[in-house]
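First the structure, in the form of structure tokens, and then the observations on it.
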Amino acid sequence: MTDQNFRFGAILMTLSTFVFAMQDGISRHLADTYNVYMVVMIRYWFFALFVLALAARRLPGGITAALRPRFPLLQVTRGVLLAAEIVVMVTAFTLLGLVETHAVFVCYPLLVAALSGPVLGERVGWRRWSAIGVGFVGVLVILQPGLRVFSPAALVPLLGAFMFALYGLLTRYVARGDSAMVSFFWTGIGGAVLMTAVGLFHWEPMSAFDQALMAVLCCTAVLGHWLMIRALEVAEASALQPFAYLLLPFAATLGITVFGDRLEPNVALGAAIVVASGLFTLWRARKTGRGAVAGGP
């Protein structure tokens, strides 16, 4: 990987995290007014059209090849899991706001490292276990159990982080037999099928303004994933992973300026601890030759 490719990949990855942050802000606004399942369902309809077009154009054998994955059950599980994780996260936005939700969710790389042993059979050394432990101290600093009235809602983004970490690990597992394009195809199709089966029962009429916002949300979902795909085409995922952490300041800025969220001192301190621990685990993963999970929810 050349320096030029890394710089271009870093720019694309930064842009993708910015787009994902804007997408989260729109999702929060819409979910405050309409049913979460319907909002995510419409978003997935456009996402499914995107992956169908992408597979037909760029996958050898086209859609027919995508329909014959080596790990069909795991591919369906991945798609369903990511869709459910998005529902959980959008719900968390409405309960906690963007700042606290992303401050907790940012621990997902630590969960990836912790679960890589039982899921992928990878060895996790004591240094990474120490970083994982420190990272979860940061999560406790954010949640402050015992120091205030603990809200069960604070566990919602933690559940989302766990689901996204498991999705990432399953993605790494199926990469042993399926191409990235096949996995991307099943991410969109599996999620669209699940959300359609659920979301149609929660259909609500939308105002003209919110219909326009819904269209923007669908476009940002496609644009964000396209930027991420292009970034991963020109640079290594492990090298780009640190840029995924930019989602936290982007989303926090949006939450504070648009939605009136507050950045509490414990949230800022805890998020800094979690990010530092996550960066250390990524550094250890690169040093030992293990892959990283790039991207965002």
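Letters A, B, ... mark the chains of the structure tokens in the order given; residue numbers begin at 1 per chain; ligand numbers begin at 1, in order shown.
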
Under the rule of at most 9 Å, produce a per-residue listing of stretch 218-289 of chain A near stretch 23-41 of chain A: chain, number, name, the closest pair of atoms, and the distance in Å, as a tab-separated table, using only C-alpha atoms.
residue	atom	partner	partner_atom	distance
A:Cys218	CA	A:Gln23	CA	8.5
A:Thr220	CA	A:Gln23	CA	6.1
A:Ala221	CA	A:Gln23	CA	6.9
A:Gly224	CA	A:Gln23	CA	8.7
A:Ala251	CA	A:Gly25	CA	7.4
A:Leu254	CA	A:Gly25	CA	7.0
A:Gly255	CA	A:Gly25	CA	7.3
A:Val258	CA	A:Gly25	CA	8.6
A:Phe259	CA	A:Gly25	CA	8.6

Output file for the selection above: N, CA and C atoms, as an mmCIF file, in the first residue's frame:
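File written: again-v4.cif
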data_model
loop_
_atom_site.group_PDB
_atom_site.id
_atom_site.type_symbol
_atom_site.label_atom_id
_atom_site.label_comp_id
_atom_site.auth_asym_id
_atom_site.auth_seq_id
_atom_site.Cartn_x
_atom_site.Cartn_y
_atom_site.Cartn_z
ATOM 1 N N CYS A 218 -31.987 7.769 2.757
ATOM 2 C CA CYS A 218 -31.699 6.636 1.865
ATOM 3 C C CYS A 218 -30.461 6.912 1.021
ATOM 4 N N THR A 220 -27.945 8.939 1.810
ATOM 5 C CA THR A 220 -26.749 8.913 2.646
ATOM 6 C C THR A 220 -26.345 7.488 2.993
ATOM 7 N N ALA A 221 -27.343 6.593 3.148
ATOM 8 C CA ALA A 221 -27.020 5.195 3.432
ATOM 9 C C ALA A 221 -26.222 4.594 2.279
ATOM 10 N N GLY A 224 -22.699 6.559 2.004
ATOM 11 C CA GLY A 224 -21.763 6.183 3.051
ATOM 12 C C GLY A 224 -21.123 4.835 2.789
ATOM 13 N N ALA A 251 -20.764 12.785 15.229
ATOM 14 C CA ALA A 251 -22.116 12.596 15.758
ATOM 15 C C ALA A 251 -22.344 13.455 16.995
ATOM 16 N N LEU A 254 -23.024 17.032 15.965
ATOM 17 C CA LEU A 254 -24.395 17.136 15.447
ATOM 18 C C LEU A 254 -25.410 17.094 16.579
ATOM 19 N N GLY A 255 -25.211 16.190 17.537
ATOM 20 C CA GLY A 255 -26.137 16.072 18.653
ATOM 21 C C GLY A 255 -26.195 17.332 19.502
ATOM 22 N N VAL A 258 -27.509 20.529 16.980
ATOM 23 C CA VAL A 258 -28.848 20.429 16.379
ATOM 24 C C VAL A 258 -29.897 19.963 17.380
ATOM 25 N N PHE A 259 -29.547 18.960 18.189
ATOM 26 C CA PHE A 259 -30.542 18.347 19.068
ATOM 27 C C PHE A 259 -30.427 18.794 20.530
#

Query raised in the report: Pick from A:Leu120, A:Ile189, A:Ile273, A:Met89: nearest to A:Leu49, with only C-alpha atoms counted?
Result: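 Of the candidates, the smallest distance to A:Leu49 is held by A:Ile189.
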
Query raised in the report: In stretch 153-248 of chain A, what's alpha helix (DSSP H) per DSSP? Answer as a PyMOL selection string?
Result: chain A and resi 155-174+180-199+208-234+237-244+247-248

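Candidate residues A:Phe184, A:Phe71, A:Tyr245, A:Phe280 were compared for distance to A:Ala53, and the nearest is A:Phe184, using only C-alpha atoms.
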
Requested in this report: Can you work out which one of A:Ala113, A:Asn5, A:Leu98, A:Val19 has the shortest atom-to-atom distance to A:Gly125, counting only C-alpha atoms?
Outcome: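 Among the listed residues, A:Ala113 lies closest to A:Gly125.
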
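Shortest separation to A:Pro109 among A:Val124, A:Leu166, A:Leu223, A:Ile42 occurs at residue A:Leu166, atoms counted being only C-alpha atoms.
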
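Residues lying within 6 Å of stretch 158-160 of chain A, counting only C-alpha atoms and ignoring same-chain neighbours fewer than 5 positions away, are Glu85, Val88, Met89 and Phe105 of chain A.
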
When you look at A:Ala165 with a cut-off of 9 Å (counting only C-alpha atoms), what residues show up, excluding the ones that are within fewer than 2 positions of it in the same chain? I need them as a tab-separated table (two decimals) with all heavy atoms, in the first residue's frame.
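Written file, selection14.tsv:
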chain	number	residue	atom	x	y	z
A	108	TYR	N	-17.13	-1.00	20.48
A	108	TYR	CA	-17.31	-2.24	19.71
A	108	TYR	C	-15.99	-2.87	19.25
A	108	TYR	O	-15.89	-4.10	19.20
A	108	TYR	CB	-18.26	-2.02	18.53
A	108	TYR	CG	-17.65	-1.38	17.30
A	108	TYR	CD1	-17.00	-2.15	16.34
A	108	TYR	CD2	-17.74	-0.02	17.09
A	108	TYR	CE1	-16.43	-1.57	15.22
A	108	TYR	CE2	-17.19	0.57	15.97
A	108	TYR	CZ	-16.54	-0.21	15.03
A	108	TYR	OH	-15.98	0.37	13.93
A	109	PRO	N	-14.92	-2.10	18.92
A	109	PRO	CA	-13.66	-2.79	18.57
A	109	PRO	C	-13.09	-3.61	19.72
A	109	PRO	O	-12.45	-4.64	19.50
A	109	PRO	CB	-12.72	-1.64	18.19
A	109	PRO	CG	-13.61	-0.51	17.80
A	109	PRO	CD	-14.80	-0.65	18.72
A	110	LEU	N	-13.33	-3.17	20.96
A	110	LEU	CA	-12.89	-3.95	22.12
A	110	LEU	C	-13.66	-5.25	22.22
A	110	LEU	O	-13.11	-6.30	22.56
A	110	LEU	CB	-13.06	-3.12	23.40
A	110	LEU	CG	-12.30	-1.80	23.46
A	110	LEU	CD1	-12.68	-1.03	24.72
A	110	LEU	CD2	-10.80	-2.04	23.42
A	111	LEU	N	-14.94	-5.20	21.90
A	111	LEU	CA	-15.75	-6.42	21.89
A	111	LEU	C	-15.31	-7.37	20.78
A	111	LEU	O	-15.29	-8.59	20.96
A	111	LEU	CB	-17.23	-6.06	21.73
A	111	LEU	CG	-17.89	-5.37	22.92
A	111	LEU	CD1	-19.26	-4.83	22.54
A	111	LEU	CD2	-18.01	-6.31	24.10
A	112	VAL	N	-14.93	-6.80	19.64
A	112	VAL	CA	-14.39	-7.62	18.55
A	112	VAL	C	-13.15	-8.37	19.03
A	112	VAL	O	-13.00	-9.57	18.80
A	112	VAL	CB	-14.07	-6.76	17.32
A	112	VAL	CG1	-13.29	-7.56	16.28
A	112	VAL	CG2	-15.35	-6.21	16.70
A	113	ALA	N	-12.25	-7.63	19.69
A	113	ALA	CA	-11.02	-8.26	20.18
A	113	ALA	C	-11.33	-9.34	21.22
A	113	ALA	O	-10.74	-10.42	21.21
A	113	ALA	CB	-10.10	-7.19	20.78
A	115	LEU	N	-14.08	-11.11	21.59
A	115	LEU	CA	-14.82	-12.24	21.05
A	115	LEU	C	-14.09	-12.97	19.92
A	115	LEU	O	-14.56	-14.00	19.45
A	115	LEU	CB	-16.19	-11.77	20.53
A	115	LEU	CG	-17.16	-11.22	21.57
A	115	LEU	CD1	-18.38	-10.60	20.88
A	115	LEU	CD2	-17.58	-12.31	22.54
A	160	GLY	N	-26.21	-2.72	21.19
A	160	GLY	CA	-25.91	-2.44	19.79
A	160	GLY	C	-24.44	-2.68	19.46
A	160	GLY	O	-24.11	-3.22	18.40
A	161	ALA	N	-23.55	-2.28	20.36
A	161	ALA	CA	-22.11	-2.50	20.15
A	161	ALA	C	-21.79	-3.98	20.09
A	161	ALA	O	-20.99	-4.43	19.26
A	161	ALA	CB	-21.31	-1.82	21.26
A	162	PHE	N	-22.42	-4.76	20.98
A	162	PHE	CA	-22.20	-6.21	20.99
A	162	PHE	C	-22.69	-6.83	19.67
A	162	PHE	O	-22.00	-7.67	19.07
A	162	PHE	CB	-22.93	-6.84	22.17
A	162	PHE	CG	-22.88	-8.35	22.18
A	162	PHE	CD1	-21.76	-9.01	22.66
A	162	PHE	CD2	-23.94	-9.10	21.70
A	162	PHE	CE1	-21.69	-10.40	22.66
A	162	PHE	CE2	-23.90	-10.48	21.69
A	162	PHE	CZ	-22.76	-11.14	22.18
A	163	MET	N	-23.84	-6.41	19.20
A	163	MET	CA	-24.40	-6.96	17.97
A	163	MET	C	-23.52	-6.60	16.77
A	163	MET	O	-23.27	-7.43	15.89
A	163	MET	CB	-25.82	-6.44	17.76
A	163	MET	CG	-26.80	-6.90	18.82
A	163	MET	SD	-28.40	-6.04	18.74
A	163	MET	CE	-29.09	-6.76	17.25
A	167	TYR	N	-21.46	-9.06	14.32
A	167	TYR	CA	-21.62	-8.95	12.87
A	167	TYR	C	-20.25	-8.85	12.19
A	167	TYR	O	-19.99	-9.51	11.17
A	167	TYR	CB	-22.47	-7.71	12.54
A	167	TYR	CG	-22.35	-7.24	11.11
A	167	TYR	CD1	-23.05	-7.85	10.09
A	167	TYR	CD2	-21.51	-6.16	10.79
A	167	TYR	CE1	-22.94	-7.42	8.78
A	167	TYR	CE2	-21.39	-5.72	9.48
A	167	TYR	CZ	-22.09	-6.35	8.48
A	167	TYR	OH	-21.98	-5.92	7.19
A	168	GLY	N	-19.35	-8.04	12.75
A	168	GLY	CA	-18.03	-7.90	12.18
A	168	GLY	C	-17.23	-9.19	12.20
A	168	GLY	O	-16.53	-9.52	11.24
A	169	LEU	N	-17.35	-9.93	13.30
A	169	LEU	CA	-16.64	-11.21	13.41
A	169	LEU	C	-17.19	-12.23	12.43
A	169	LEU	O	-16.42	-12.99	11.82
A	169	LEU	CB	-16.73	-11.73	14.84
A	169	LEU	CG	-15.91	-10.94	15.87
A	169	LEU	CD1	-16.31	-11.33	17.28
A	169	LEU	CD2	-14.42	-11.18	15.67
A	170	LEU	N	-18.50	-12.28	12.26
A	170	LEU	CA	-19.09	-13.19	11.28
A	170	LEU	C	-18.68	-12.80	9.86
A	170	LEU	O	-18.49	-13.67	9.00
A	170	LEU	CB	-20.62	-13.18	11.41
A	170	LEU	CG	-21.19	-13.83	12.67
A	170	LEU	CD1	-22.71	-13.70	12.69
A	170	LEU	CD2	-20.78	-15.30	12.78
A	293	VAL	N	-11.86	-4.77	11.80
A	293	VAL	CA	-13.20	-4.53	11.24
A	293	VAL	C	-13.35	-3.04	10.99
A	293	VAL	O	-13.30	-2.25	11.92
A	293	VAL	CB	-14.30	-5.01	12.20
A	293	VAL	CG1	-15.66	-4.73	11.62
A	293	VAL	CG2	-14.13	-6.48	12.52

Query raised in the report: Between A:Pro205, A:Arg57, A:Ala154, A:Ile63, which one has atoms that come closest to A:Val104, using only C-alpha atoms?
Result: A:Ala154

Report task. Grab the atom CA of A:Arg284 to atom CA of A:Ala114 distance for me, in Å with one decimal place. Result ->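 Interatomic distance here is 13.0 Å.
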
Query raised in the report: Which one is closest to A:Val275: A:Val76, A:Leu263, A:Cys107, A:Ile142? Count only C-alpha atoms.
Result: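 Selected residue with least distance to A:Val275: A:Cys107.
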
Query raised in the report: Any idea what's packed within 9 Å of A:Glu264, counting only C-alpha atoms, ignoring anything in its chain fewer than 3 positions away? Could you give it as a ChimeraX atom specification?
Result: /A:100,142,267-269
